[in-house]
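*Asks:* Quick one: this structure, given as structure tokens, is what I'll be asking you about.
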Amino acid sequence: MLFLDAPTGLAGDMIIAALVDLGVPREVVEQAAGALELEGFELRWLAGARSGIAATRFDVVVSGAQPERTYRDVDARLAGAPLDEPTRALARKIFRRLAEAEAEVHAAPLDDVHFHEVGAVDALIDVVGAAAALTYLGATLVVSPLPMGGGRVVARHGVLPLPAPATVLCLRGVPTYGVDVDKELVTPTGAAIVATAASSFERWPTFSPEHVGWGAGARELVDRPNLLRAVLGEPAAPSRAAYAKLDANVDDLTGELAGHAIERLLASGALDAWASPLTMKKGRPGWTLSALCRDEDAGRLAGVMLTETSTLGVRRAAVTRVERPRRIVEVETPFGRVPVKIGEGAFGPPTQKPEFDVCRRLAEERGVPVREVIAAALRALG
């Protein structure tokens, strides 16, 4: 498990600096940046310190004018760069999140979103470098809730409020909190990286720290050290999450109605749903319709069971399950883009499962066997 502790926020350069300080070789970042075949920049690694804590600083120094690049240009460059596939897939996903946020802010078509001047180079290298470092570590990423500063900043389009509009949109679904600092504490690039790559957000996860790295930001803050802490360790115990299990016995459930009820339960938010045969009173054959769901969804899903079957009651029991950490990676195949679910953690080799519904749809569109699409997705994952 990799934990990014961000009490004073984060940016792309701070993420890279913290991961290199943690132990990722500089060459991992430098080779990823070199694969972009950009010109007019230099990477600098600096020793920094904040509040007496030794840290690493990472800086992209740009010399000369840079062309303006659209999201279409950037994505094409990432797609064609000689990067390993997990790094490429993660970098493209991060940049798409960033571009979608900018497109929404400016009400512009996605492909035509511009990344202006120096910012395009900074963002490209920060995204690709962070993606390469995270891929190198191969750990489940957990990030602390992020602090939001206030004030204003002068940008190409004029004066913007902080946090920047694109930052807020990148952080959809990420826990944040306000602090009394009139500075930009979380940049759009940093927000896009962690919002895309992190599996969860919490103040401090339950794990055993083993290695620590510090990344320093470029600015000095008056009342707090401008540092990002990266901690690598092992989860203390397998994750056990609380859920509800619903059961209903039905003696007149046909196969068609059973299939329909299962589809309705899954569409309504059940994590799993199934039917099991049983013998009921008076020796009648019947079915137990079951669903696993989050506790807060149990009442609503019990209503689905009562609506879609003739049962007069639904049993509810509290259950827990041991969960394998998981994440979704999208890969490019000759047939189209396929999401792949990856199961990780201390349970042996990772599992890799392409999303079957997507593979089936692409197979039907291209007129090929679905197993051919699945095999292509696994090859692309590397």
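If you're wondering about the labels, chains in the structure tokens are A, B, ... by order shown, residues count from 1 in each chain, ligands from 1 in order shown.
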Report as a ChimeraX atom specification all protein, DNA and RNA residues lying within 12 Å of A:Arg337, evaluated on only C-alpha atoms, omitting residues in the same chain fewer than 3 positions from it.

*Replies:* /A:89,92-93,329-334,340,354-355,358-359,361-363,373-374,376-378,380-381

*Asks:* So that I can see what lies close to A:Leu301, please list as a list in words the residues with an atom at most 8 Å from it, counting only C-alpha atoms and leaving out residues fewer than 6 positions away in the same chain.

*Replies:*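 Returned residues: Leu265, Ser268, Gly269 and Ala270 of chain A.
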
*Asks:* Please write the residues from the selection above to a file, keeping C-alpha atoms, as a PDB file, in the first residue's frame.

*Replies:*
```
ATOM      1  CA  LEU A 265     -31.451  -6.204  -8.269  1.00  0.00           C
ATOM      2  CA  SER A 268     -30.607  -1.208  -8.599  1.00  0.00           C
ATOM      3  CA  GLY A 269     -27.202  -1.393  -6.924  1.00  0.00           C
ATOM      4  CA  ALA A 270     -26.780  -4.942  -5.585  1.00  0.00           C
TER       5      ALA A 270
END
```

*Asks:* Going by DSSP on the backbone, which bits of stretch 230-308 of chain A are strand (DSSP E)? Write them as a PyMOL selection string, please.

*Replies:* chain A and resi 230-235+239-250+272-279+285-294

*Asks:* What does the distance between atom CA of A:Tyr71 and atom CA of A:Val113 come to in Å, to one decimal place?

*Replies:*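 Taking atom CA of A:Tyr71 and atom CA of A:Val113, their separation equals 5.5 Å.
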
*Asks:* Of the candidates A:Gly23, A:Gly150, A:Gly217, A:Gly336, which one gets nearest to A:Thr8 if we count only C-alpha atoms?

*Replies:* A:Gly217

*Asks:* Could you name the residues that touch A:Glu37 at 12 Å or less, counting only C-alpha atoms, but leaving out those on the same chain fewer than 4 positions away, as a PDB file with C-alpha atoms, in the first residue's frame?

*Replies:*
```pdb
ATOM      1  CA  GLU A  30      13.484  10.560 -16.757  1.00  0.00           C
ATOM      2  CA  GLN A  31      12.951   7.728 -19.243  1.00  0.00           C
ATOM      3  CA  ALA A  32       9.182   8.296 -19.231  1.00  0.00           C
ATOM      4  CA  ALA A  33       9.713  12.012 -19.861  1.00  0.00           C
ATOM      5  CA  PHE A  41      13.064  21.551 -21.174  1.00  0.00           C
ATOM      6  CA  VAL A  74      -1.434  15.461 -26.180  1.00  0.00           C
ATOM      7  CA  ARG A  77       1.579  11.917 -28.322  1.00  0.00           C
ATOM      8  CA  LEU A  78       0.893   9.706 -25.297  1.00  0.00           C
ATOM      9  CA  GLY A  80       2.391   6.896 -29.749  1.00  0.00           C
ATOM     10  CA  ALA A  81       5.121   7.234 -27.124  1.00  0.00           C
ATOM     11  CA  PRO A  82       7.321   4.163 -26.396  1.00  0.00           C
ATOM     12  CA  LEU A  83       5.991   3.725 -22.849  1.00  0.00           C
ATOM     13  CA  VAL A 121       5.089  20.714 -20.939  1.00  0.00           C
ATOM     14  CA  LEU A 124       2.737  16.290 -19.671  1.00  0.00           C
ATOM     15  CA  ILE A 125       5.920  15.479 -17.754  1.00  0.00           C
TER      16      ILE A 125
END
```

*Asks:* Would you work out the distance separating atom CA of A:Asp75 from atom CA of A:Ala35, expressed in Å to one decimal?

*Replies:*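 Atom CA of A:Asp75 sits 13.7 Å away from atom CA of A:Ala35.
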
*Asks:* Just checking: using only C-alpha atoms, which residue out of A:Met148, A:Arg326, A:Val20, A:Ala65 ends up closest to A:Val179?

*Replies:*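 Of the candidates, the smallest distance to A:Val179 is held by A:Met148.
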
*Asks:* Return the single residue from A:Arg294, A:Lys341, A:Arg219, A:His114 that is closest to A:Arg50, with distances computed using only C-alpha atoms.

*Replies:* A:Arg219
